[in-house]
$ cat coords_29.csv   # CSV, C-alpha atoms (C1' of nucleotides)
chain,number,residue,atom,x,y,z
Q,1,MET,CA,16.7,178.2,82.3
Q,2,PRO,CA,15.0,177.1,79.0
Q,3,VAL,CA,13.8,173.7,80.2
Q,4,THR,CA,11.8,173.4,77.0
Q,5,PRO,CA,12.1,175.8,74.0
Q,6,LEU,CA,8.6,177.2,74.8
Q,7,ALA,CA,6.4,177.7,71.8
Q,8,LEU,CA,5.5,181.3,71.5
Q,9,ASP,CA,2.1,182.4,70.2
Q,10,ARG,CA,1.0,185.8,69.0
Q,11,PHE,CA,0.1,186.8,72.6
Q,12,ASP,CA,3.6,186.1,73.8
Q,13,ARG,CA,5.2,187.9,70.8
Q,14,HIS,CA,2.9,190.9,71.4
Q,15,ILE,CA,4.0,191.0,75.0
Q,16,LEU,CA,7.7,190.9,74.0
Q,17,ASP,CA,7.1,193.7,71.5
Q,18,ILE,CA,5.5,195.9,74.1
Q,19,VAL,CA,7.8,195.3,77.1
Q,20,GLN,CA,10.8,195.9,75.0
Q,21,GLN,CA,9.7,199.4,74.5
Q,22,GLU,CA,7.7,200.0,77.7
Q,23,GLY,CA,9.4,198.0,80.4
Q,24,ARG,CA,7.4,199.5,83.2
Q,25,ILE,CA,3.9,199.1,81.7
Q,26,SER,CA,1.4,197.9,84.2
Q,27,ASN,CA,0.0,194.4,83.8
Q,28,GLN,CA,-3.5,195.7,83.4
Q,29,GLU,CA,-2.5,198.0,80.6
Q,30,LEU,CA,-0.5,195.2,79.0
Q,31,ALA,CA,-3.4,192.8,79.2
Q,32,ASP,CA,-5.7,195.4,77.6
Q,33,ARG,CA,-3.3,196.0,74.7
Q,34,ILE,CA,-2.8,192.3,73.9
Q,35,GLY,CA,-6.4,191.5,74.4
Q,36,LEU,CA,-6.4,189.2,77.4
Q,37,SER,CA,-7.5,189.6,80.9
Q,38,PRO,CA,-4.9,190.5,83.5
Q,39,SER,CA,-4.5,187.0,85.0
Q,40,PRO,CA,-3.4,185.0,81.9
Q,41,CYS,CA,-1.4,188.0,80.8
Q,42,LEU,CA,0.6,188.0,84.0
Q,43,ARG,CA,1.0,184.3,83.8
Q,44,ARG,CA,2.5,184.7,80.4
Q,45,VAL,CA,4.9,187.4,81.5
Q,46,ARG,CA,6.1,185.3,84.4
Q,47,ALA,CA,6.6,182.3,82.0
Q,48,LEU,CA,8.6,184.4,79.6
Q,49,GLU,CA,10.8,185.5,82.5
Q,50,GLU,CA,11.2,182.0,83.9
Q,51,HIS,CA,12.2,180.7,80.5
Q,52,GLY,CA,14.8,183.4,80.1
Q,53,LEU,CA,13.1,185.0,77.1
Q,54,ILE,CA,12.9,188.1,79.1
Q,55,LEU,CA,16.4,188.4,80.6
Q,56,GLN,CA,15.9,191.6,82.7
Q,57,TYR,CA,14.3,195.0,82.9
Q,58,ARG,CA,16.4,198.0,82.6
Q,59,ALA,CA,16.1,201.8,82.7
Q,60,GLU,CA,18.0,203.5,79.9
Q,61,VAL,CA,19.7,206.6,81.2
Q,62,ASP,CA,21.1,209.6,79.3
Q,63,ALA,CA,24.9,209.2,79.4
Q,64,ARG,CA,25.4,212.8,78.2
Q,65,GLN,CA,23.6,214.3,81.1
Q,66,LEU,CA,25.8,212.2,83.4
Q,67,GLY,CA,28.8,213.8,81.9
Q,68,TYR,CA,29.8,211.1,79.4
Q,69,GLN,CA,30.1,213.2,76.3
Q,70,LEU,CA,32.3,210.9,74.3
Q,71,MET,CA,31.6,207.4,73.0
Q,72,ALA,CA,34.3,205.3,71.4
Q,73,LEU,CA,34.6,202.0,69.8
Q,74,LEU,CA,38.0,200.4,70.5
Q,75,HIS,CA,39.3,197.5,68.6
Q,76,ILE,CA,41.9,195.4,70.5
Q,77,SER,CA,44.3,192.8,69.1
Q,78,MET,CA,46.0,190.3,71.3
Q,79,ASP,CA,49.4,188.7,70.8
Q,80,GLN,CA,48.2,185.1,71.4
Q,81,HIS,CA,44.8,183.6,70.8
Q,82,THR,CA,44.8,181.3,73.9
Q,83,PRO,CA,41.9,180.9,76.3
Q,84,GLU,CA,44.2,182.1,79.1
Q,85,ARG,CA,45.0,185.4,77.3
Q,86,PHE,CA,41.4,186.0,76.5
Q,87,ASP,CA,40.1,185.1,80.0
Q,88,ASN,CA,42.7,187.4,81.6
Q,89,PHE,CA,41.8,190.3,79.3
Q,90,GLU,CA,38.0,189.8,79.9
Q,91,ARG,CA,38.6,189.7,83.7
Q,92,HIS,CA,40.5,193.0,83.5
Q,93,ILE,CA,38.1,194.7,81.1
Q,94,ARG,CA,35.1,193.8,83.3
Q,95,GLU,CA,36.5,195.9,86.1
Q,96,ILE,CA,36.4,199.1,84.0
Q,97,PRO,CA,33.0,200.7,84.3
Q,98,ASN,CA,33.6,202.9,81.3
Q,99,VAL,CA,33.5,199.8,79.1
Q,100,ILE,CA,29.8,199.2,78.5
Q,101,GLU,CA,30.1,196.5,75.9
Q,102,CYS,CA,32.7,193.9,74.9
Q,103,LEU,CA,32.4,191.7,71.9
Q,104,ILE,CA,34.7,189.1,70.4
Q,105,ILE,CA,34.6,189.6,66.6
Q,106,THR,CA,35.9,188.3,63.3
Q,107,GLY,CA,36.6,190.1,60.1
Q,108,GLN,CA,38.9,192.8,61.6
Q,109,ALA,CA,42.5,192.9,62.5
Q,110,ALA,CA,41.2,193.0,66.0
Q,111,ASP,CA,39.9,190.4,68.4
Q,112,PHE,CA,37.7,192.5,70.6
Q,113,GLN,CA,35.5,195.5,70.0
Q,114,LEU,CA,34.9,197.5,73.1
Q,115,LYS,CA,32.2,200.3,73.5
Q,116,ILE,CA,33.5,202.9,75.8
Q,117,LEU,CA,31.9,206.0,77.5
Q,118,VAL,CA,34.2,208.7,78.7
Q,119,ARG,CA,33.8,212.4,79.8
Q,120,ASP,CA,36.4,213.8,77.4
Q,121,MET,CA,39.5,213.2,75.4
Q,122,ASP,CA,41.8,213.5,78.5
Q,123,ASP,CA,39.7,210.8,80.1
Q,124,TYR,CA,39.9,208.6,77.0
Q,125,GLN,CA,43.6,209.1,76.7
Q,126,HIS,CA,44.2,208.1,80.2
Q,127,LEU,CA,42.0,205.0,79.9
Q,128,LEU,CA,43.6,203.9,76.7
Q,129,LEU,CA,47.3,204.4,77.6
Q,130,HIS,CA,47.3,203.8,81.3
Q,131,VAL,CA,44.7,201.1,81.7
Q,132,ILE,CA,43.7,199.2,78.6
Q,133,ASN,CA,47.1,199.2,76.9
Q,134,ARG,CA,48.7,197.8,80.0
Q,135,ILE,CA,46.6,194.7,80.1
Q,136,GLU,CA,48.9,191.7,79.3
Q,137,GLY,CA,48.8,190.5,75.7
Q,138,VAL,CA,47.3,193.7,74.2
Q,139,THR,CA,49.4,194.4,71.0
Q,140,GLY,CA,47.1,196.7,69.1
Q,141,ALA,CA,44.4,199.3,69.8
Q,142,HIS,CA,42.5,201.2,67.1
Q,143,THR,CA,39.9,203.8,68.1
Q,144,SER,CA,36.8,204.9,66.3
Q,145,PHE,CA,34.9,207.7,67.9
Q,146,VAL,CA,31.1,207.8,67.6
Q,147,LEU,CA,30.0,211.0,65.9
Q,148,ARG,CA,26.3,210.4,66.3
Q,149,ARG,CA,24.1,207.6,67.4
Q,150,VAL,CA,21.5,207.3,64.7
Q,151,PHE,CA,19.8,204.7,66.9
Q,152,GLU,CA,20.7,202.3,69.6
Q,153,HIS,CA,19.0,199.5,71.6
Q,154,ARG,CA,16.3,198.8,69.1
Q,155,PRO,CA,14.0,196.0,70.0
Q,156,VAL,CA,14.6,192.5,68.8
Q,157,PRO,CA,12.1,191.5,66.1
Q,158,THR,CA,9.5,189.0,67.2
Q,159,GLU,CA,7.8,187.7,64.0
Q,160,ARG,CA,7.8,184.0,63.5
Q,161,PRO,CA,10.8,182.3,61.7
G,162,MET,CA,13.5,218.3,78.3
G,163,PRO,CA,16.5,219.3,80.4
G,164,VAL,CA,15.2,222.8,81.4
G,165,THR,CA,17.9,223.0,84.0
G,166,PRO,CA,20.9,220.6,84.2
G,167,LEU,CA,19.5,219.2,87.5
G,168,ALA,CA,22.0,218.7,90.2
G,169,LEU,CA,22.2,215.0,91.2
G,170,ASP,CA,22.9,214.0,94.7
G,171,ARG,CA,23.8,210.6,96.0
G,172,PHE,CA,20.2,209.5,96.3
G,173,ASP,CA,19.6,210.3,92.6
G,174,ARG,CA,22.8,208.4,91.6
G,175,HIS,CA,21.8,205.5,93.7
G,176,ILE,CA,18.4,205.4,92.0
G,177,LEU,CA,20.0,205.5,88.6
G,178,ASP,CA,22.4,202.7,89.6
G,179,ILE,CA,19.5,200.5,90.7
G,180,VAL,CA,17.0,201.1,88.0
G,181,GLN,CA,19.6,200.5,85.3
G,182,GLN,CA,19.8,197.0,86.5
G,183,GLU,CA,16.3,196.4,87.9
G,184,GLY,CA,13.9,198.5,85.8
G,185,ARG,CA,10.8,197.0,87.3
G,186,ILE,CA,11.7,197.4,91.0
G,187,SER,CA,8.8,198.6,93.1
G,188,ASN,CA,9.0,202.1,94.5
G,189,GLN,CA,8.8,200.8,98.0
G,190,GLU,CA,11.8,198.4,97.5
G,191,LEU,CA,13.7,201.2,95.8
G,192,ALA,CA,13.0,203.6,98.6
G,193,ASP,CA,14.2,201.0,101.1
G,194,ARG,CA,17.4,200.4,99.3
G,195,ILE,CA,18.4,204.1,98.9
G,196,GLY,CA,17.3,204.9,102.4
G,197,LEU,CA,14.3,207.2,101.8
G,198,SER,CA,10.6,206.8,102.4
G,199,PRO,CA,8.5,206.0,99.3
G,200,SER,CA,7.2,209.6,98.8
G,201,PRO,CA,10.4,211.4,98.2
G,202,CYS,CA,11.8,208.4,96.4
G,203,LEU,CA,9.0,208.4,93.8
G,204,ARG,CA,9.3,212.2,93.4
G,205,ARG,CA,12.9,211.8,92.6
G,206,VAL,CA,12.2,209.0,90.1
G,207,ARG,CA,9.6,211.2,88.4
G,208,ALA,CA,12.0,214.2,88.3
G,209,LEU,CA,14.7,212.0,86.7
G,210,GLU,CA,12.2,210.9,84.1
G,211,GLU,CA,11.0,214.4,83.4
G,212,HIS,CA,14.5,215.7,83.0
G,213,GLY,CA,15.2,213.0,80.5
G,214,LEU,CA,17.9,211.4,82.7
G,215,ILE,CA,15.8,208.3,82.6
G,216,LEU,CA,15.0,208.0,78.9
G,217,GLN,CA,12.9,204.9,79.0
G,218,TYR,CA,12.4,201.5,80.6
G,219,ARG,CA,13.0,198.4,78.6
G,220,ALA,CA,12.8,194.6,78.8
G,221,GLU,CA,15.9,192.9,77.5
G,222,VAL,CA,14.9,189.8,75.5
G,223,ASP,CA,17.0,186.8,74.5
G,224,ALA,CA,17.5,187.2,70.7
G,225,ARG,CA,18.8,183.6,70.5
G,226,GLN,CA,15.6,182.1,71.8
G,227,LEU,CA,13.7,184.2,69.2
G,228,GLY,CA,15.8,182.5,66.5
G,229,TYR,CA,18.4,185.2,65.9
G,230,GLN,CA,21.5,183.1,66.2
G,231,LEU,CA,23.8,185.5,64.4
G,232,MET,CA,25.0,189.0,65.3
G,233,ALA,CA,27.1,191.0,62.8
G,234,LEU,CA,28.7,194.3,62.8
G,235,LEU,CA,28.6,195.8,59.4
G,236,HIS,CA,30.8,198.8,58.4
G,237,ILE,CA,29.3,200.8,55.5
G,238,SER,CA,31.1,203.4,53.4
G,239,MET,CA,29.3,206.0,51.4
G,240,ASP,CA,30.3,207.6,48.1
G,241,GLN,CA,29.5,211.2,49.1
G,242,HIS,CA,29.5,212.7,52.6
G,243,THR,CA,26.6,215.0,52.0
G,244,PRO,CA,23.7,215.4,54.4
G,245,GLU,CA,21.3,214.2,51.7
G,246,ARG,CA,23.2,210.9,51.2
G,247,PHE,CA,23.3,210.3,55.0
G,248,ASP,CA,19.7,211.2,55.6
G,249,ASN,CA,18.6,208.9,52.8
G,250,PHE,CA,20.7,206.0,54.1
G,251,GLU,CA,19.4,206.5,57.6
G,252,ARG,CA,15.8,206.6,56.4
G,253,HIS,CA,16.2,203.3,54.6
G,254,ILE,CA,18.2,201.6,57.4
G,255,ARG,CA,15.5,202.5,60.0
G,256,GLU,CA,13.0,200.4,58.1
G,257,ILE,CA,15.0,197.3,58.6
G,258,PRO,CA,14.1,195.7,61.9
G,259,ASN,CA,17.2,193.4,61.9
G,260,VAL,CA,19.4,196.5,62.3
G,261,ILE,CA,19.3,197.1,66.0
G,262,GLU,CA,22.0,199.8,66.2
G,263,CYS,CA,23.4,202.4,63.8
G,264,LEU,CA,26.3,204.6,64.6
G,265,ILE,CA,28.2,207.2,62.6
G,266,ILE,CA,31.9,206.7,63.3
G,267,THR,CA,35.4,208.0,62.5
G,268,GLY,CA,38.6,206.1,62.5
G,269,GLN,CA,37.6,203.5,60.0
G,270,ALA,CA,37.3,203.3,56.3
G,271,ALA,CA,33.6,203.2,57.0
G,272,ASP,CA,31.1,205.9,57.8
G,273,PHE,CA,28.4,203.8,59.6
G,274,GLN,CA,28.6,200.8,61.9
G,275,LEU,CA,25.5,198.8,62.0
G,276,LYS,CA,24.7,196.1,64.5
G,277,ILE,CA,22.6,193.4,62.9
G,278,LEU,CA,20.6,190.4,64.1
G,279,VAL,CA,19.8,187.6,61.7
G,280,ARG,CA,18.7,184.0,61.9
G,281,ASP,CA,21.5,182.5,59.8
G,282,MET,CA,24.0,183.1,57.0
G,283,ASP,CA,21.3,182.8,54.3
G,284,ASP,CA,19.4,185.5,56.1
G,285,TYR,CA,22.5,187.7,56.3
G,286,GLN,CA,23.5,187.1,52.8
G,287,HIS,CA,20.1,188.2,51.6
G,288,LEU,CA,20.0,191.3,53.8
G,289,LEU,CA,23.4,192.4,52.8
G,290,LEU,CA,23.2,191.8,49.0
G,291,HIS,CA,19.6,192.5,48.3
G,292,VAL,CA,18.7,195.2,50.9
G,293,ILE,CA,21.6,197.1,52.3
G,294,ASN,CA,23.9,197.1,49.3
G,295,ARG,CA,21.1,198.4,47.2
G,296,ILE,CA,20.7,201.6,49.2
G,297,GLU,CA,21.8,204.6,47.1
G,298,GLY,CA,25.3,205.7,47.8
G,299,VAL,CA,26.6,202.6,49.5
G,300,THR,CA,30.1,201.8,48.0
G,301,GLY,CA,31.6,199.5,50.6
G,302,ALA,CA,30.4,197.0,53.2
G,303,HIS,CA,32.7,195.1,55.5
G,304,THR,CA,31.3,192.5,57.9
G,305,SER,CA,32.5,191.4,61.3
G,306,PHE,CA,30.6,188.5,62.9
G,307,VAL,CA,30.3,188.5,66.6
G,308,LEU,CA,31.7,185.3,68.0
G,309,ARG,CA,30.8,186.0,71.6
G,310,ARG,CA,29.2,188.7,73.6
G,311,VAL,CA,31.4,189.0,76.7
G,312,PHE,CA,29.0,191.6,77.9
G,313,GLU,CA,26.5,194.1,76.5
G,314,HIS,CA,24.2,196.8,77.9
G,315,ARG,CA,26.3,197.6,80.9
G,316,PRO,CA,25.0,200.4,83.1
G,317,VAL,CA,26.3,203.9,82.6
G,318,PRO,CA,28.5,204.8,85.6
G,319,THR,CA,27.0,207.4,87.9
G,320,GLU,CA,29.9,208.6,90.1
G,321,ARG,CA,30.5,212.4,90.2
G,322,PRO,CA,32.7,214.0,87.6
U,323,DG,C1',25.3,233.0,114.6
U,324,DA,C1',19.8,234.0,114.7
U,325,DG,C1',15.9,234.2,112.2
U,326,DA,C1',13.3,233.7,108.0
U,327,DT,C1',12.5,231.2,103.8
U,328,DA,C1',12.6,227.6,100.8
U,329,DA,C1',13.2,222.9,99.8
U,330,DT,C1',12.7,218.3,101.0
U,331,DT,C1',11.2,214.5,103.8
U,332,DG,C1',7.8,211.4,106.0
U,333,DG,C1',3.1,209.8,107.1
U,334,DC,C1',-1.3,208.9,105.8
U,335,DA,C1',-5.6,207.9,103.1
U,336,DG,C1',-7.9,206.6,98.9
U,337,DA,C1',-7.2,204.7,94.5
U,338,DA,C1',-5.1,201.6,91.5
U,339,DT,C1',-2.5,197.4,90.8
U,340,DA,C1',-0.7,192.9,91.5
U,341,DT,C1',-1.3,188.2,92.8
U,342,DA,C1',-3.2,183.7,94.3
U,343,DT,C1',-7.1,180.7,94.0
U,344,DC,C1',-11.1,179.0,92.0
U,345,DT,C1',-14.3,178.4,88.1
U,346,DT,C1',-15.4,178.4,83.4
U,347,DT,C1',-14.2,178.1,78.7
U,348,DT,C1',-11.6,176.5,75.0
U,349,DT,C1',-8.7,173.3,72.7
U,350,DA,C1',-7.1,168.8,71.4
U,351,DA,C1',-7.2,163.9,71.2
U,352,DT,C1',-9.3,159.7,71.1
I,353,DA,C1',-19.1,163.0,70.9
I,354,DT,C1',-16.7,162.4,75.2
I,355,DT,C1',-12.9,163.1,78.0
I,356,DA,C1',-8.7,165.2,79.5
I,357,DA,C1',-5.7,168.9,79.5
I,358,DA,C1',-4.7,173.6,79.0
I,359,DA,C1',-5.7,178.2,79.1
I,360,DA,C1',-8.7,182.1,80.1
I,361,DG,C1',-11.6,184.8,83.2
I,362,DA,C1',-13.4,186.2,87.7
I,363,DT,C1',-12.9,187.4,92.3
I,364,DA,C1',-11.0,188.5,96.8
I,365,DT,C1',-7.0,189.8,99.3
I,366,DA,C1',-2.7,191.9,99.7
I,367,DT,C1',0.4,195.1,98.0
I,368,DT,C1',1.8,199.2,95.8
I,369,DC,C1',1.1,203.7,94.0
I,370,DT,C1',0.1,208.5,94.4
I,371,DG,C1',-1.4,212.9,96.0
I,372,DC,C1',-1.8,215.9,100.0
I,373,DC,C1',-0.3,217.9,104.3
I,374,DA,C1',2.5,218.5,108.4
I,375,DA,C1',7.1,218.2,110.1
I,376,DT,C1',11.9,218.4,109.4
I,377,DT,C1',16.1,219.9,107.4
I,378,DA,C1',18.9,222.9,104.7
I,379,DT,C1',20.0,227.5,102.9
I,380,DC,C1',20.3,232.3,102.8
I,381,DT,C1',20.5,237.0,104.6
I,382,DC,C1',21.7,240.2,107.7
$ encode --input "coords_29.csv" --output "structure tokens"
Amino acid sequence: MPVTPLALDRFDRHILDIVQQEGRISNQELADRIGLSPSPCLRRVRALEEHGLILQYRAEVDARQLGYQLMALLHISMDQHTPERFDNFERHIREIPNVIECLIITGQAADFQLKILVRDMDDYQHLLLHVINRIEGVTGAHTSFVLRRVFEHRPVPTERP
Amino acid sequence: MPVTPLALDRFDRHILDIVQQEGRISNQELADRIGLSPSPCLRRVRALEEHGLILQYRAEVDARQLGYQLMALLHISMDQHTPERFDNFERHIREIPNVIECLIITGQAADFQLKILVRDMDDYQHLLLHVINRIEGVTGAHTSFVLRRVFEHRPVPTERP
DNA sequence: GAGATAATTGGCAGAATATATCTTTTTAAT
DNA sequence: ATTAAAAAGATATATTCTGCCAATTATCTC
């Protein structure tokens, strides 16, 4: 996607600032706020999309109201650190909709950190023991429950380097 | 916001499924996809917004292209577990734009897990030693660097309980 | 199950918005 | 200063949004 790195000026940064918080803002309102007319504003938004600076637009939904009362961070260790093991684990983990994030990390006993949404403890217990622990190569699993989300999904800063 | 829990039918769930992945979809297209005409479709979207089921719309931007090459998970332990200590920490941490997520967790030596975006190691070193470690009450800090994001920001599942 | 009531859908019209094209202005370089 | 290139602004057309009303569907009561 990024043919050329694309130099961002203050208009572009301002657009990114705004759409990170108001993804459905109209182009007219956006143009007003950044101080351009609608045409060049829309052109810039399209360019940011084409260059992959804007990856996608998403609605954030309230997991609680959908019945997902419990969030857990699960640290997973693998027996072997081979690409095959990791690929296989990733393929399996992708199939579990409750796993909303999967990171490969250093600095822990674990290899993966998963962010998991479940309805309750029973739900979690089942997922851990009967689904995740059964994936080949998983030797360890350590759970941290999230007591409170102080904040999540904050915008990426846009000031110059 | 949630006056009444709001019973969700298959149309509502379908809407949530779609807007979680295509936050800027037009109402007409959305209506087409869920199999309703635009009017009731828009009414449902508005109702989901009012009830707080849709919290907000957001553009996801590519942090890498903005110069944030490094993501870290930082586990913070506090000396005292008093509301004052925690409140004070949260107030300070909110002021740091590089911290894009802050969770209070169990199951670790730590009390907080922070998700941090920085440009490079120098940047991280400065943030850790000169900003975060200096917040009152912080006694421990353990860093995990993110080697790879297998996936992030996956949609919340919407099937019935 | 019939009838009444409430809730929800669909269609339509006017307003707002998006989008493509063209012209003008600004910027940069020689 | 002149030219070329890039970006902004204006305008017209097409699309989309949004509020209102009639028609349909679902629900409840007896």
$ interface_residues --input "coords_29.csv" --of "chain U" --to "chain Q" --cutoff "10 Å" --atoms "only C-alpha atoms (C1' of nucleotides)" --output "PDB file with C-alpha atoms (C1' of nucleotides), in the frame of the given file"
ATOM      1  C1'  DT U 339      -2.500 197.400  90.800  1.00  0.00           C
ATOM      2  C1'  DA U 340      -0.700 192.900  91.500  1.00  0.00           C
ATOM      3  C1'  DT U 341      -1.300 188.200  92.800  1.00  0.00           C
ATOM      4  C1'  DA U 342      -3.200 183.700  94.300  1.00  0.00           C
TER       5       DA U 342
END
$ calpha_fit_and_write --input "coords_29.csv" --fixed "chain G" --moving "chain Q" --output "short mmCIF file (atom, residue, chain, number, x, y, z; two decimals) with C-alpha atoms, keeping the file's coordinate frame"
data_model
loop_
_atom_site.label_atom_id
_atom_site.label_comp_id
_atom_site.auth_asym_id
_atom_site.auth_seq_id
_atom_site.Cartn_x
_atom_site.Cartn_y
_atom_site.Cartn_z
CA MET Q 1 13.46 218.21 78.26
CA PRO Q 2 16.43 219.30 80.49
CA VAL Q 3 15.06 222.71 81.46
CA THR Q 4 17.88 223.00 83.98
CA PRO Q 5 20.87 220.58 84.20
CA LEU Q 6 19.47 219.20 87.52
CA ALA Q 7 22.05 218.69 90.20
CA LEU Q 8 22.17 215.09 91.14
CA ASP Q 9 22.87 214.00 94.72
CA ARG Q 10 23.84 210.59 96.02
CA PHE Q 11 20.14 209.61 96.29
CA ASP Q 12 19.56 210.31 92.63
CA ARG Q 13 22.77 208.49 91.58
CA HIS Q 14 21.77 205.50 93.75
CA ILE Q 15 18.41 205.41 92.05
CA LEU Q 16 20.03 205.50 88.57
CA ASP Q 17 22.38 202.69 89.60
CA ILE Q 18 19.53 200.50 90.74
CA VAL Q 19 16.97 201.11 87.95
CA GLN Q 20 19.55 200.49 85.36
CA GLN Q 21 19.83 196.99 86.54
CA GLU Q 22 16.34 196.42 87.96
CA GLY Q 23 13.98 198.42 85.82
CA ARG Q 24 10.87 196.94 87.32
CA ILE Q 25 11.75 197.35 91.02
CA SER Q 26 8.87 198.57 93.05
CA ASN Q 27 9.04 202.07 94.49
CA GLN Q 28 8.83 200.78 98.01
CA GLU Q 29 11.75 198.46 97.51
CA LEU Q 30 13.68 201.25 95.81
CA ALA Q 31 13.00 203.66 98.62
CA ASP Q 32 14.17 201.06 101.17
CA ARG Q 33 17.43 200.44 99.30
CA ILE Q 34 18.33 204.13 98.94
CA GLY Q 35 17.22 204.95 102.40
CA LEU Q 36 14.28 207.26 101.88
CA SER Q 37 10.64 206.88 102.37
CA PRO Q 38 8.52 205.99 99.36
CA SER Q 39 7.13 209.49 98.70
CA PRO Q 40 10.38 211.47 98.14
CA CYS Q 41 11.79 208.46 96.37
CA LEU Q 42 8.98 208.47 93.85
CA ARG Q 43 9.27 212.17 93.48
CA ARG Q 44 12.87 211.75 92.59
CA VAL Q 45 12.18 209.04 90.04
CA ARG Q 46 9.54 211.15 88.36
CA ALA Q 47 12.01 214.14 88.27
CA LEU Q 48 14.71 212.02 86.71
CA GLU Q 49 12.22 210.93 84.05
CA GLU Q 50 10.93 214.44 83.41
CA HIS Q 51 14.45 215.71 83.00
CA GLY Q 52 15.28 213.00 80.52
CA LEU Q 53 17.93 211.39 82.71
CA ILE Q 54 15.91 208.30 82.57
CA LEU Q 55 15.03 208.00 78.87
CA GLN Q 56 12.86 204.81 79.01
CA TYR Q 57 12.37 201.42 80.56
CA ARG Q 58 13.01 198.41 78.55
CA ALA Q 59 12.84 194.61 78.84
CA GLU Q 60 15.91 192.89 77.45
CA VAL Q 61 14.90 189.79 75.56
CA ASP Q 62 17.00 186.78 74.51
CA ALA Q 63 17.55 187.17 70.75
CA ARG Q 64 18.80 183.56 70.47
CA GLN Q 65 15.62 182.08 71.75
CA LEU Q 66 13.75 184.18 69.18
CA GLY Q 67 15.73 182.57 66.49
CA TYR Q 68 18.38 185.25 65.92
CA GLN Q 69 21.47 183.13 66.16
CA LEU Q 70 23.83 185.42 64.33
CA MET Q 71 25.01 188.91 65.24
CA ALA Q 72 27.06 190.99 62.84
CA LEU Q 73 28.71 194.28 62.81
CA LEU Q 74 28.61 195.88 59.34
CA HIS Q 75 30.72 198.76 58.38
CA ILE Q 76 29.30 200.86 55.49
CA SER Q 77 31.11 203.45 53.35
CA MET Q 78 29.24 205.95 51.30
CA ASP Q 79 30.33 207.54 48.03
CA GLN Q 80 29.55 211.15 49.10
CA HIS Q 81 29.57 212.66 52.55
CA THR Q 82 26.53 214.97 52.01
CA PRO Q 83 23.67 215.39 54.46
CA GLU Q 84 21.30 214.20 51.72
CA ARG Q 85 23.19 210.89 51.24
CA PHE Q 86 23.36 210.30 54.93
CA ASP Q 87 19.69 211.22 55.61
CA ASN Q 88 18.55 208.92 52.78
CA PHE Q 89 20.64 206.01 54.07
CA GLU Q 90 19.41 206.53 57.71
CA ARG Q 91 15.77 206.64 56.47
CA HIS Q 92 16.27 203.34 54.64
CA ILE Q 93 18.21 201.63 57.42
CA ARG Q 94 15.54 202.55 59.99
CA GLU Q 95 13.01 200.46 58.14
CA ILE Q 96 15.04 197.25 58.61
CA PRO Q 97 14.16 195.66 61.91
CA ASN Q 98 17.20 193.45 61.84
CA VAL Q 99 19.37 196.54 62.30
CA ILE Q 100 19.33 197.15 66.05
CA GLU Q 101 21.96 199.83 66.19
CA CYS Q 102 23.40 202.42 63.79
CA LEU Q 103 26.32 204.60 64.60
CA ILE Q 104 28.21 207.19 62.58
CA ILE Q 105 31.93 206.67 63.33
CA THR Q 106 35.41 207.95 62.61
CA GLY Q 107 38.67 206.13 62.47
CA GLN Q 108 37.57 203.43 59.96
CA ALA Q 109 37.30 203.32 56.26
CA ALA Q 110 33.63 203.24 56.94
CA ASP Q 111 31.06 205.86 57.80
CA PHE Q 112 28.50 203.78 59.60
CA GLN Q 113 28.70 200.78 61.88
CA LEU Q 114 25.53 198.80 61.94
CA LYS Q 115 24.66 196.01 64.54
CA ILE Q 116 22.60 193.42 62.87
CA LEU Q 117 20.64 190.33 64.17
CA VAL Q 118 19.83 187.63 61.70
CA ARG Q 119 18.66 183.94 61.92
CA ASP Q 120 21.46 182.52 59.77
CA MET Q 121 23.97 183.10 57.06
CA ASP Q 122 21.30 182.81 54.26
CA ASP Q 123 19.38 185.52 56.05
CA TYR Q 124 22.48 187.70 56.38
CA GLN Q 125 23.41 187.19 52.78
CA HIS Q 126 20.07 188.21 51.59
CA LEU Q 127 20.00 191.31 53.80
CA LEU Q 128 23.44 192.39 52.77
CA LEU Q 129 23.18 191.88 48.97
CA HIS Q 130 19.54 192.50 48.34
CA VAL Q 131 18.72 195.21 50.83
CA ILE Q 132 21.61 197.10 52.34
CA ASN Q 133 23.87 197.08 49.28
CA ARG Q 134 21.09 198.49 47.17
CA ILE Q 135 20.65 201.60 49.21
CA GLU Q 136 21.85 204.59 47.08
CA GLY Q 137 25.39 205.77 47.79
CA VAL Q 138 26.59 202.56 49.53
CA THR Q 139 30.10 201.84 48.01
CA GLY Q 140 31.56 199.54 50.61
CA ALA Q 141 30.40 196.95 53.15
CA HIS Q 142 32.72 195.04 55.49
CA THR Q 143 31.28 192.46 57.89
CA SER Q 144 32.52 191.36 61.25
CA PHE Q 145 30.60 188.57 62.86
CA VAL Q 146 30.24 188.49 66.65
CA LEU Q 147 31.71 185.28 68.04
CA ARG Q 148 30.69 185.89 71.61
CA ARG Q 149 29.25 188.71 73.58
CA VAL Q 150 31.46 189.00 76.61
CA PHE Q 151 29.02 191.62 77.90
CA GLU Q 152 26.53 194.03 76.54
CA HIS Q 153 24.28 196.85 77.87
CA ARG Q 154 26.29 197.54 80.96
CA PRO Q 155 25.02 200.35 83.06
CA VAL Q 156 26.33 203.85 82.67
CA PRO Q 157 28.56 204.84 85.59
CA THR Q 158 27.05 207.36 87.96
CA GLU Q 159 29.92 208.64 90.18
CA ARG Q 160 30.43 212.34 90.25
CA PRO Q 161 32.73 214.02 87.60
#
$ residues_near_point --input "coords_29.csv" --point "(42.4, 193.0, 84.3)" --cutoff "6 Å" --atoms "all atoms listed in the file" --output "PyMOL selection string"
chain Q and resi 89+91-93
$ atom_distance --input "coords_29.csv" --atom1 "C1' of DA338 (chain U)" --atom2 "C1' of DT365 (chain I)"
14.3 Å
